[in-house]
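Visitor: For reference, the file coords29.cif (mmCIF, C-alpha atoms) is included below:
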```cif
data_upload
#
loop_
_atom_site.label_atom_id
_atom_site.label_comp_id
_atom_site.auth_asym_id
_atom_site.auth_seq_id
_atom_site.Cartn_x
_atom_site.Cartn_y
_atom_site.Cartn_z
CA MET A 15 19.28 40.85 8.63
CA ILE A 16 19.98 38.13 11.13
CA ILE A 17 17.82 35.01 11.18
CA ARG A 18 18.22 31.66 12.84
CA ILE A 19 18.24 28.53 10.68
CA ASN A 20 18.46 25.09 12.26
CA GLY A 21 19.87 26.56 15.43
CA ILE A 22 22.53 28.65 13.72
CA GLU A 23 22.41 32.45 13.31
CA ARG A 24 22.95 33.60 9.75
CA GLU A 25 23.01 36.90 7.98
CA VAL A 26 20.86 37.04 4.85
CA GLU A 27 19.59 39.76 2.53
CA ASP A 28 16.60 41.76 3.67
CA GLY A 29 13.26 40.95 2.10
CA MET A 30 14.07 37.38 1.03
CA THR A 31 11.17 35.03 0.49
CA LEU A 32 11.34 31.51 1.85
CA LYS A 33 11.74 30.27 -1.72
CA THR A 34 14.73 32.52 -2.44
CA LEU A 35 16.28 31.53 0.88
CA LEU A 36 15.98 27.82 0.02
CA ASP A 37 17.45 28.49 -3.44
CA PHE A 38 20.29 30.43 -1.79
CA LEU A 39 20.94 27.47 0.54
CA LYS A 40 20.72 25.08 -2.44
CA ILE A 41 17.94 23.10 -0.79
CA LYS A 42 15.49 21.38 -3.13
CA THR A 43 11.96 21.45 -1.82
CA HIS A 44 11.19 17.79 -2.52
CA GLY A 45 11.13 15.77 0.72
CA ILE A 46 11.72 18.72 3.02
CA ALA A 47 9.55 20.74 5.35
CA VAL A 48 10.02 24.16 6.88
CA GLU A 49 8.86 25.52 10.17
CA LEU A 50 8.84 29.29 10.54
CA ASN A 51 8.57 30.47 14.14
CA LYS A 52 7.17 27.05 15.11
CA GLU A 53 4.48 26.95 12.39
CA VAL A 54 4.85 24.67 9.37
CA VAL A 55 4.80 26.56 6.08
CA LEU A 56 3.02 24.73 3.25
CA LYS A 57 5.17 24.30 0.14
CA ARG A 58 2.80 26.28 -2.04
CA LEU A 59 3.30 29.29 0.22
CA TYR A 60 7.13 29.39 0.03
CA ALA A 61 7.24 31.99 -2.75
CA GLY A 62 4.89 34.34 -0.91
CA THR A 63 6.45 34.03 2.55
CA ILE A 64 8.73 36.95 3.38
CA ILE A 65 11.50 36.25 5.90
CA LYS A 66 11.86 38.88 8.60
CA GLU A 67 14.60 39.89 11.03
CA ARG A 68 14.99 37.39 13.91
CA ASP A 69 12.80 34.77 12.29
CA VAL A 70 13.52 31.26 13.50
CA LEU A 71 13.48 28.55 10.86
CA GLU A 72 13.70 24.80 11.09
CA ILE A 73 14.36 23.06 7.79
CA ILE A 74 14.06 19.30 7.97
CA ARG A 75 14.24 16.22 5.82
CA MET A 76 14.19 12.51 6.44
CA ALA A 77 17.01 10.65 8.14
CA GLY A 78 17.42 7.01 9.03
CA GLY A 79 15.37 6.01 12.05
CA GLY A 80 13.18 3.33 13.57
CA MET B 21 -5.81 -10.30 -0.54
CA ALA B 22 -4.89 -13.29 1.62
CA ASP B 23 -4.28 -12.48 5.28
CA SER B 24 -4.02 -8.77 4.71
CA PHE B 25 -4.69 -6.20 7.39
CA LYS B 26 -5.60 -2.56 7.57
CA ILE B 27 -3.93 0.31 9.35
CA GLY B 28 -6.35 3.19 9.19
CA THR B 29 -7.34 3.51 5.55
CA ARG B 30 -4.40 1.58 4.10
CA GLU B 31 -4.17 -2.15 3.47
CA PHE B 32 -0.99 -4.20 3.88
CA THR B 33 0.13 -7.82 3.65
CA SER B 34 3.63 -7.74 5.13
CA ARG B 35 3.50 -7.87 8.90
CA LEU B 36 7.12 -6.85 9.34
CA MET B 37 7.76 -3.12 9.46
CA VAL B 38 11.33 -1.93 9.52
CA GLY B 39 13.33 1.13 10.42
CA THR B 40 16.11 2.77 8.45
CA GLY B 41 18.53 3.78 11.22
CA LYS B 42 21.94 2.39 12.19
CA TYR B 43 22.75 0.50 8.97
CA PRO B 44 26.45 0.22 8.10
CA SER B 45 25.71 1.77 4.69
CA ASN B 46 22.82 2.88 2.52
CA GLU B 47 23.56 0.01 0.17
CA ILE B 48 23.16 -2.57 2.95
CA MET B 49 20.01 -0.82 4.15
CA LYS B 50 18.52 -1.05 0.68
CA LYS B 51 19.24 -4.78 0.46
CA ALA B 52 17.96 -5.39 4.00
CA LEU B 53 14.70 -3.57 3.30
CA ASP B 54 14.27 -5.75 0.25
CA ALA B 55 15.05 -8.97 2.16
CA SER B 56 12.67 -8.03 4.98
CA GLY B 57 9.70 -7.97 2.63
CA ALA B 58 8.48 -4.91 4.52
CA GLU B 59 5.90 -2.57 3.04
CA ILE B 60 6.08 0.02 5.81
CA VAL B 61 9.42 1.70 6.45
CA THR B 62 10.03 4.19 9.24
CA VAL B 63 12.15 7.31 8.89
CA ALA B 64 13.15 10.08 11.28
CA VAL B 65 12.64 13.82 10.90
CA ARG B 66 15.92 15.70 11.25
CA ARG B 67 17.41 19.09 10.44
CA VAL B 68 18.92 19.49 6.97
CA ASN B 69 22.69 19.72 7.27
CA LEU B 70 23.25 23.22 5.90
CA ASP B 71 26.82 22.36 4.86
CA ARG B 72 25.68 19.37 2.83
CA THR B 73 22.27 20.31 1.54
CA GLY B 74 22.43 17.96 -1.46
CA GLU B 75 22.28 14.79 0.62
CA SER B 76 18.97 13.01 1.10
CA MET B 77 18.45 9.54 2.46
CA LEU B 78 15.23 9.35 0.47
CA ASP B 79 17.46 8.83 -2.57
CA HIS B 80 18.10 5.36 -1.17
CA ILE B 81 14.50 4.32 -0.47
CA ASP B 82 12.06 3.51 -3.24
CA ALA B 83 9.09 5.70 -2.32
CA GLU B 84 6.93 3.91 -4.90
CA ARG B 85 7.51 0.56 -3.24
CA TYR B 86 7.40 1.45 0.44
CA THR B 87 4.92 3.33 2.59
CA LEU B 88 7.08 5.78 4.50
CA LEU B 89 6.20 6.23 8.13
CA PRO B 90 7.78 9.34 9.68
CA ASN B 91 8.47 9.04 13.39
CA THR B 92 8.82 11.50 16.24
CA ALA B 93 11.83 9.72 17.73
CA ALA B 94 13.82 11.53 20.41
CA CYS B 95 10.98 13.91 21.25
CA TYR B 96 10.63 14.37 25.00
CA THR B 97 7.52 16.55 25.12
CA ALA B 98 4.10 16.42 23.51
CA ASP B 99 4.79 19.78 21.88
CA GLU B 100 8.04 18.60 20.23
CA ALA B 101 6.33 15.44 19.01
CA ILE B 102 3.39 17.37 17.57
CA ARG B 103 5.69 19.80 15.74
CA THR B 104 7.81 16.93 14.43
CA ALA B 105 4.71 15.06 13.24
CA ARG B 106 3.51 18.13 11.36
CA LEU B 107 6.91 18.55 9.70
CA GLY B 108 6.95 14.87 8.71
CA ARG B 109 3.50 15.20 7.19
CA GLU B 110 4.52 18.20 5.13
CA ALA B 111 7.81 16.64 3.98
CA LEU B 112 6.37 13.27 2.97
CA GLU B 113 2.80 14.26 2.17
CA THR B 114 1.47 11.54 4.43
CA ASP B 115 -1.00 11.53 7.30
CA LEU B 116 0.65 8.51 8.94
CA VAL B 117 2.87 9.08 11.94
CA LYS B 118 4.68 6.82 14.36
CA LEU B 119 4.22 8.81 17.53
CA GLU B 120 6.94 8.58 20.13
CA VAL B 121 7.30 10.69 23.22
CA ILE B 122 10.23 9.47 25.27
CA GLY B 123 10.11 9.85 29.03
CA ASP B 124 13.49 8.60 30.13
CA GLN B 125 16.91 8.82 28.47
CA LYS B 126 18.28 5.63 29.94
CA THR B 127 15.46 3.21 29.24
CA LEU B 128 13.84 5.15 26.38
CA PHE B 129 10.51 4.19 27.89
CA PRO B 130 7.61 6.30 26.64
CA ASP B 131 6.08 9.18 28.57
CA ASN B 132 2.56 7.88 28.29
CA GLU B 133 0.91 10.99 29.66
CA ALA B 134 2.54 13.18 27.01
CA LEU B 135 1.98 10.50 24.38
CA LEU B 136 -1.76 10.49 24.96
CA GLU B 137 -1.87 14.29 24.93
CA ALA B 138 0.02 14.43 21.62
CA ALA B 139 -2.10 11.62 20.14
CA ARG B 140 -5.33 13.49 20.89
CA VAL B 141 -4.06 16.67 19.21
CA LEU B 142 -2.77 14.84 16.13
CA VAL B 143 -5.90 12.72 15.67
CA LYS B 144 -7.93 15.94 15.69
CA GLU B 145 -5.63 17.32 12.99
CA GLY B 146 -6.38 14.33 10.76
CA PHE B 147 -3.28 12.26 11.40
CA GLN B 148 -3.40 8.46 11.39
CA VAL B 149 -1.49 7.97 14.60
CA MET B 150 0.51 4.84 15.42
CA PRO B 151 1.72 5.34 18.99
CA TYR B 152 4.77 3.65 20.50
CA THR B 153 3.64 2.83 24.02
CA ASN B 154 4.43 0.82 27.12
CA ASP B 155 3.03 -2.68 27.33
CA ASP B 156 0.24 -1.24 29.44
CA PRO B 157 -3.27 -2.47 28.61
CA VAL B 158 -4.94 0.59 30.16
CA MET B 159 -2.84 3.00 28.11
CA ALA B 160 -3.44 0.92 24.98
CA LYS B 161 -7.15 1.27 25.52
CA LYS B 162 -6.91 5.02 26.06
CA LEU B 163 -4.87 5.43 22.88
CA GLU B 164 -7.42 3.44 20.93
CA GLU B 165 -10.23 5.53 22.39
CA ALA B 166 -8.30 8.66 21.42
CA GLY B 167 -8.62 7.52 17.79
CA CYS B 168 -5.21 5.98 17.12
CA VAL B 169 -5.20 3.62 14.11
CA ALA B 170 -2.94 1.10 15.87
CA VAL B 171 -1.29 0.58 19.21
CA MET B 172 2.38 -0.30 19.34
CA PRO B 173 3.46 -1.66 22.70
CA LEU B 174 7.15 -2.25 23.22
CA ALA B 175 8.54 -5.76 23.62
CA ALA B 176 11.48 -4.32 25.58
CA PRO B 177 13.42 -1.03 25.55
CA ILE B 178 14.36 0.34 22.13
CA GLY B 179 17.53 -1.28 20.83
CA SER B 180 17.81 -3.66 23.81
CA GLY B 181 17.15 -6.87 21.90
CA LEU B 182 15.64 -8.43 25.02
CA GLY B 183 12.57 -9.85 23.28
CA ILE B 184 9.07 -9.79 24.77
CA ARG B 185 9.51 -9.09 28.48
CA ASN B 186 5.87 -9.34 29.36
CA PRO B 187 3.92 -11.57 26.98
CA HIS B 188 0.98 -11.61 29.38
CA ASN B 189 0.47 -7.86 29.10
CA ILE B 190 0.64 -8.11 25.31
CA MET B 191 -2.00 -10.87 25.50
CA ILE B 192 -4.27 -8.66 27.61
CA ILE B 193 -3.81 -5.78 25.16
CA LEU B 194 -4.66 -8.13 22.29
CA GLU B 195 -7.77 -9.36 24.05
CA SER B 196 -9.51 -6.01 23.99
CA ALA B 197 -7.89 -4.07 21.14
CA ARG B 198 -9.97 -3.41 18.06
CA VAL B 199 -7.12 -1.75 16.18
CA PRO B 200 -3.96 -3.57 15.04
CA VAL B 201 -1.50 -4.32 17.85
CA ILE B 202 2.04 -4.01 16.56
CA VAL B 203 4.98 -4.88 18.77
CA ASP B 204 7.47 -2.07 18.42
CA ALA B 205 11.02 -2.20 19.78
CA GLY B 206 13.10 -4.71 21.70
CA VAL B 207 13.08 -7.64 19.30
CA GLY B 208 16.56 -9.17 19.18
CA THR B 209 16.36 -12.24 17.02
CA ALA B 210 14.04 -14.33 14.88
CA SER B 211 12.55 -16.34 17.76
CA ASP B 212 11.52 -13.09 19.50
CA ALA B 213 9.66 -12.05 16.36
CA ALA B 214 7.99 -15.45 15.98
CA ALA B 215 6.97 -15.41 19.66
CA ALA B 216 5.30 -12.01 19.28
CA MET B 217 3.40 -13.17 16.22
CA GLU B 218 2.34 -16.40 17.93
CA LEU B 219 0.66 -14.32 20.61
CA GLY B 220 -1.57 -12.93 17.88
CA CYS B 221 0.06 -9.56 17.27
CA CYS B 222 -0.83 -8.01 13.96
CA GLY B 223 2.77 -7.19 13.14
CA ILE B 224 6.18 -6.14 14.37
CA LEU B 225 8.19 -2.98 13.88
CA MET B 226 11.92 -3.28 14.34
CA ASN B 227 15.13 -1.52 13.48
CA THR B 228 18.19 -2.34 15.60
CA GLY B 229 17.58 -6.11 15.57
CA ILE B 230 18.19 -6.06 11.82
CA ALA B 231 20.43 -3.05 11.28
CA SER B 232 22.93 -3.90 14.02
CA ALA B 233 23.13 -7.63 13.30
CA LYS B 234 26.47 -8.85 11.95
CA ASP B 235 24.77 -9.46 8.63
CA PRO B 236 21.76 -7.16 8.40
CA VAL B 237 20.58 -8.46 5.04
CA SER B 238 20.54 -12.06 6.23
CA MET B 239 18.88 -11.06 9.53
CA ALA B 240 16.22 -9.16 7.58
CA ARG B 241 15.37 -12.35 5.76
CA ALA B 242 15.36 -14.29 9.05
CA MET B 243 12.92 -11.78 10.55
CA ASN B 244 10.76 -11.91 7.44
CA LEU B 245 10.52 -15.71 7.73
CA ALA B 246 10.01 -15.60 11.52
CA VAL B 247 7.15 -13.13 11.28
CA GLU B 248 5.49 -15.27 8.64
CA ALA B 249 6.12 -18.48 10.59
CA GLY B 250 4.80 -16.94 13.80
CA ARG B 251 1.71 -15.66 12.03
CA LEU B 252 1.02 -19.07 10.47
CA ALA B 253 1.51 -20.82 13.80
CA TYR B 254 -0.92 -18.39 15.42
CA LEU B 255 -3.53 -18.98 12.73
CA SER B 256 -2.96 -22.74 12.90
CA GLY B 257 -3.70 -22.98 16.61
CA ARG B 258 -0.94 -24.45 18.73
CA ILE B 259 -1.48 -27.54 20.87
CA PRO B 260 -2.00 -27.01 24.59
CA ARG B 261 1.03 -27.33 26.83
CA LYS B 262 0.91 -30.54 28.91
CA LEU B 263 3.00 -31.63 31.80
CA TYR B 264 3.33 -35.27 30.75
CA GLY B 265 4.09 -37.10 27.53
CA ALA B 266 1.47 -38.24 25.02
CA ALA B 267 2.77 -40.78 22.52
CA SER B 268 2.51 -39.88 18.86
CA SER B 269 3.03 -43.49 17.63
CA PRO B 270 0.26 -46.13 18.03
CA LEU B 271 0.33 -48.04 21.29
CA THR B 272 -1.09 -51.13 19.59
CA GLY B 273 0.54 -53.49 17.12
CA LEU B 274 3.80 -53.58 18.98
CA ILE B 275 6.06 -56.63 18.45
CA GLU B 276 6.58 -59.03 21.32
#
```
Translate this structure into structure tokens?
Guide:
Amino acid sequence: MIIRINGIEREVEDGMTLKTLLDFLKIKTHGIAVELNKEVVLKRLYAGTIIKERDVLEIIRMAGGG
Amino acid sequence: MADSFKIGTREFTSRLMVGTGKYPSNEIMKKALDASGAEIVTVAVRRVNLDRTGESMLDHIDAERYTLLPNTAACYTADEAIRTARLGREALETDLVKLEVIGDQKTLFPDNEALLEAARVLVKEGFQVMPYTNDDPVMAKKLEEAGCVAVMPLAAPIGSGLGIRNPHNIMIILESARVPVIVDAGVGTASDAAAAMELGCCGILMNTGIASAKDPVSMARAMNLAVEAGRLAYLSGRIPRKLYGAASSPLTGLIE
């Protein structure tokens, strides 16, 4: 299925959870946050959140800033 | 603790807050943060680079030592700022946010209307909001009334290094504010920082003034000293300005 992650379309396996997607992308959950279709997903819900076709994800972490 | 202050529910002693952008290297940033004596350190919320997912700037900041303050820099609408604040809260497990809603690309002046709108939403959601605002006393009052835990008027445009452009407005804001007034943005050198503190500001937040100096670590120390000197001068009560001289040596006992 096609989803959009950080502005880029990607093809991923059907039925992935948010946790398996982050593992697949090699992103550790410490210090990150995920928005799924403009709603923040709490970390404890990653394993139970199923990604669906055309979902839009924003995965963020901290960068230098003032 | 001596001369400490509170922002929301947290207590601090260092009145210099520093950003983490624009440093020549993470190593220099680390040393500059240390030299600044800062307790509060701002960070930006940005997309993870999917090609380099192992990199994290948090590896270079001691989260035990510093209170991390996520910002909403480069947000141009209330909605973007609100979403960014929520992401920052989830990533850092903090309710503090430096709220920025920019209204103009060239000056980076805030969009105060959108700022107030975002502040009201975030306060309702339990955030401790520290808004970056114009040096406008009316807006400062509205932000305080909205429940912000501080107001952060600019000295001058972000990264301009122009120093306090309108000390009188800052003085008027200080006169009525019951939350900490922190000058945020525009400080170029140590005397700018001291001048802001001498007005009675609670603290100063800066980034470019340190990070883009020729020697950021040395400038961080200069700012640290200037903020402390300015604070002490404020507490000590400066003499009034007079037009004419007043001798400091006795006028009696002079030789003939």
Visitor: Report the distance between CA of Val38 (chain B) and CA of Ala58 (chain B) in Å, rounded to one decimal place.
Guide: 6.5 Å
Visitor: What residues come out when you apply the PyMOL selection byres ((chain B) within 7 of (chain A)) to this file, written as a list in words?
Guide: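 When the PyMOL selection byres ((chain B) within 7 of (chain A)) is applied, the selected residues are Val38, Gly39, Thr40, Gly41, Thr62, Val63, Ala64, Val65, Arg66, Arg67, Val68, Thr73, Gly74, Met77, Leu78, Arg106, Leu107, Glu110, Ala111, Leu112, Met226 and Asn227 of chain B.
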Visitor: If we count all atoms listed in the file, what is near region 151-164 of chain B at a cut-off of 9 Å, once residues fewer than 5 positions away on the same chain are taken out, given as a PyMOL selection string?
Guide: chain B and resi 117-121+129-133+135-136+139-140+169-176+186-187+189-190+192-194+196-199+203-205
Visitor: Considering all atoms listed in the file, can you say which of A:Asp37, A:Leu32, A:Leu50, A:Arg18 comes closest to Gly62 (chain A)?
Guide: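 Closest to Gly62 (chain A), using all atoms listed in the file: A:Leu32.
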Visitor: For region 234-251 of chain B, work out the shell of residues within 6 Å, counting all atoms listed in the file and skipping chain neighbours fewer than 3 positions away, then give it as a tab-separated table (two decimals) with C-alpha atoms, in the frame of the given file.
Guide:
```
chain	number	residue	atom	x	y	z
B	52	ALA	CA	17.96	-5.39	4.00
B	55	ALA	CA	15.05	-8.97	2.16
B	56	SER	CA	12.67	-8.03	4.98
B	210	ALA	CA	14.04	-14.33	14.88
B	213	ALA	CA	9.66	-12.05	16.36
B	214	ALA	CA	7.99	-15.45	15.98
B	217	MET	CA	3.40	-13.17	16.22
B	218	GLU	CA	2.34	-16.40	17.93
B	230	ILE	CA	18.19	-6.06	11.82
B	231	ALA	CA	20.43	-3.05	11.28
B	254	TYR	CA	-0.92	-18.39	15.42
```
Visitor: With distances taken over all atoms listed in the file, which residue among B:Leu182, B:Cys95, B:Pro90, B:Gly229 lies nearest Gly108 (chain B)?
Guide: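 With all atoms listed in the file as the atom set, the closest residue is B:Pro90.
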Visitor: I need the residue nearest Ile122 (chain B) from this list: B:Ile202, B:Ile27, B:Ala138, B:Ala94. Use all atoms listed in the file for the distance.
Guide: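 Looking only at the distances to Ile122 (chain B), the closest residue turns out to be B:Ala94.
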Visitor: For a test of reading the model, state the distance in Å between CA of Glu25 (chain A) and CA of Leu59 (chain A), rounded to one decimal.
Guide: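 One can read the CA of Glu25 (chain A) to CA of Leu59 (chain A) distance as 22.5 Å.
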Visitor: Calculate how many Å separate CA of Gly167 (chain B) from CA of Glu145 (chain B), rounding to one decimal.
Guide: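 Separation of CA of Gly167 (chain B) and CA of Glu145 (chain B): 11.3 Å.
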Visitor: Might you spell out which residues the PyMOL selection byres ((chain B and resi 37) around 6) would select in the displayed file, as a compact mmCIF listing (two decimals) with C-alpha atoms, in the frame of the given file?
Guide:
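Writing the result to part14.txt gives the following:
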```txt
# COMPACT_ATOMS: atom_id res chain seq x y z
CA LEU B 36 7.12 -6.85 9.34
CA VAL B 38 11.33 -1.93 9.52
CA ALA B 58 8.48 -4.91 4.52
CA ILE B 60 6.08 0.02 5.81
CA VAL B 61 9.42 1.70 6.45
CA ILE B 224 6.18 -6.14 14.37
CA LEU B 225 8.19 -2.98 13.88
```
Visitor: Give as an MDAnalysis selection string the residues that the PyMOL selection byres ((chain A and resi 16) around 6) matches when applied to the coordinates above.
Guide: chainID A and resid 15 17 24:25 67:68
Visitor: Give, as lines of an AutoDock Vina configuration file, the centre coordinates and the x, y and z edge lengths in Å to one decimal for an axis-aligned box around all listed atoms of region 26-36 of chain A, padded by 3 Å on each side.
Guide:
```
center_x = 16.0
center_y = 34.8
center_z = 1.2
size_x = 15.7
size_y = 19.9
size_z = 13.3
```
Visitor: Could you please fill out region 39-61 of chain A with N, CA and C atoms and send it back as a PDB file, in the coordinates of the input?
Guide:
```pdb
ATOM      1  N   LEU A  39      20.324  28.555  -0.242  1.00  0.00           N
ATOM      2  CA  LEU A  39      20.940  27.470   0.540  1.00  0.00           C
ATOM      3  C   LEU A  39      21.109  26.187  -0.269  1.00  0.00           C
ATOM      4  N   LYS A  40      20.662  26.245  -1.529  1.00  0.00           N
ATOM      5  CA  LYS A  40      20.720  25.080  -2.440  1.00  0.00           C
ATOM      6  C   LYS A  40      19.953  23.881  -1.873  1.00  0.00           C
ATOM      7  N   ILE A  41      18.795  24.172  -1.321  1.00  0.00           N
ATOM      8  CA  ILE A  41      17.940  23.100  -0.790  1.00  0.00           C
ATOM      9  C   ILE A  41      16.753  22.908  -1.723  1.00  0.00           C
ATOM     10  N   LYS A  42      16.652  21.686  -2.277  1.00  0.00           N
ATOM     11  CA  LYS A  42      15.490  21.380  -3.130  1.00  0.00           C
ATOM     12  C   LYS A  42      14.293  21.122  -2.223  1.00  0.00           C
ATOM     13  N   THR A  43      13.131  21.509  -2.703  1.00  0.00           N
ATOM     14  CA  THR A  43      11.960  21.450  -1.820  1.00  0.00           C
ATOM     15  C   THR A  43      11.382  20.036  -1.686  1.00  0.00           C
ATOM     16  N   HIS A  44      11.732  19.140  -2.604  1.00  0.00           N
ATOM     17  CA  HIS A  44      11.190  17.790  -2.520  1.00  0.00           C
ATOM     18  C   HIS A  44      11.692  17.084  -1.243  1.00  0.00           C
ATOM     19  N   GLY A  45      10.754  16.551  -0.472  1.00  0.00           N
ATOM     20  CA  GLY A  45      11.130  15.770   0.720  1.00  0.00           C
ATOM     21  C   GLY A  45      11.558  16.591   1.919  1.00  0.00           C
ATOM     22  N   ILE A  46      11.376  17.896   1.852  1.00  0.00           N
ATOM     23  CA  ILE A  46      11.720  18.720   3.020  1.00  0.00           C
ATOM     24  C   ILE A  46      10.452  19.338   3.609  1.00  0.00           C
ATOM     25  N   ALA A  47      10.617  19.926   4.770  1.00  0.00           N
ATOM     26  CA  ALA A  47       9.550  20.740   5.350  1.00  0.00           C
ATOM     27  C   ALA A  47      10.204  21.874   6.123  1.00  0.00           C
ATOM     28  N   VAL A  48       9.481  22.974   6.215  1.00  0.00           N
ATOM     29  CA  VAL A  48      10.020  24.160   6.880  1.00  0.00           C
ATOM     30  C   VAL A  48       9.043  24.632   7.949  1.00  0.00           C
ATOM     31  N   GLU A  49       9.628  24.926   9.082  1.00  0.00           N
ATOM     32  CA  GLU A  49       8.860  25.520  10.170  1.00  0.00           C
ATOM     33  C   GLU A  49       9.368  26.942  10.351  1.00  0.00           C
ATOM     34  N   LEU A  50       8.453  27.892  10.344  1.00  0.00           N
ATOM     35  CA  LEU A  50       8.840  29.290  10.540  1.00  0.00           C
ATOM     36  C   LEU A  50       8.201  29.744  11.859  1.00  0.00           C
ATOM     37  N   ASN A  51       9.039  30.091  12.804  1.00  0.00           N
ATOM     38  CA  ASN A  51       8.570  30.470  14.140  1.00  0.00           C
ATOM     39  C   ASN A  51       7.547  29.475  14.684  1.00  0.00           C
ATOM     40  N   LYS A  52       7.921  28.196  14.569  1.00  0.00           N
ATOM     41  CA  LYS A  52       7.170  27.050  15.110  1.00  0.00           C
ATOM     42  C   LYS A  52       5.880  26.696  14.363  1.00  0.00           C
ATOM     43  N   GLU A  53       5.643  27.330  13.201  1.00  0.00           N
ATOM     44  CA  GLU A  53       4.480  26.950  12.390  1.00  0.00           C
ATOM     45  C   GLU A  53       4.981  26.392  11.054  1.00  0.00           C
ATOM     46  N   VAL A  54       4.452  25.240  10.656  1.00  0.00           N
ATOM     47  CA  VAL A  54       4.850  24.670   9.370  1.00  0.00           C
ATOM     48  C   VAL A  54       4.339  25.547   8.233  1.00  0.00           C
ATOM     49  N   VAL A  55       5.205  25.788   7.262  1.00  0.00           N
ATOM     50  CA  VAL A  55       4.800  26.560   6.080  1.00  0.00           C
ATOM     51  C   VAL A  55       4.531  25.564   4.944  1.00  0.00           C
ATOM     52  N   LEU A  56       3.347  25.630   4.364  1.00  0.00           N
ATOM     53  CA  LEU A  56       3.020  24.730   3.250  1.00  0.00           C
ATOM     54  C   LEU A  56       3.871  25.098   2.039  1.00  0.00           C
ATOM     55  N   LYS A  57       4.237  24.069   1.264  1.00  0.00           N
ATOM     56  CA  LYS A  57       5.170  24.300   0.140  1.00  0.00           C
ATOM     57  C   LYS A  57       4.651  25.354  -0.830  1.00  0.00           C
ATOM     58  N   ARG A  58       3.345  25.331  -1.054  1.00  0.00           N
ATOM     59  CA  ARG A  58       2.800  26.280  -2.040  1.00  0.00           C
ATOM     60  C   ARG A  58       2.889  27.736  -1.560  1.00  0.00           C
ATOM     61  N   LEU A  59       3.211  27.929  -0.305  1.00  0.00           N
ATOM     62  CA  LEU A  59       3.300  29.290   0.220  1.00  0.00           C
ATOM     63  C   LEU A  59       4.739  29.817   0.309  1.00  0.00           C
ATOM     64  N   TYR A  60       5.718  28.987  -0.105  1.00  0.00           N
ATOM     65  CA  TYR A  60       7.130  29.390   0.030  1.00  0.00           C
ATOM     66  C   TYR A  60       7.413  30.709  -0.693  1.00  0.00           C
ATOM     67  N   ALA A  61       6.899  30.816  -1.926  1.00  0.00           N
ATOM     68  CA  ALA A  61       7.240  31.990  -2.750  1.00  0.00           C
ATOM     69  C   ALA A  61       6.639  33.275  -2.173  1.00  0.00           C
TER      70      ALA A  61
END
```
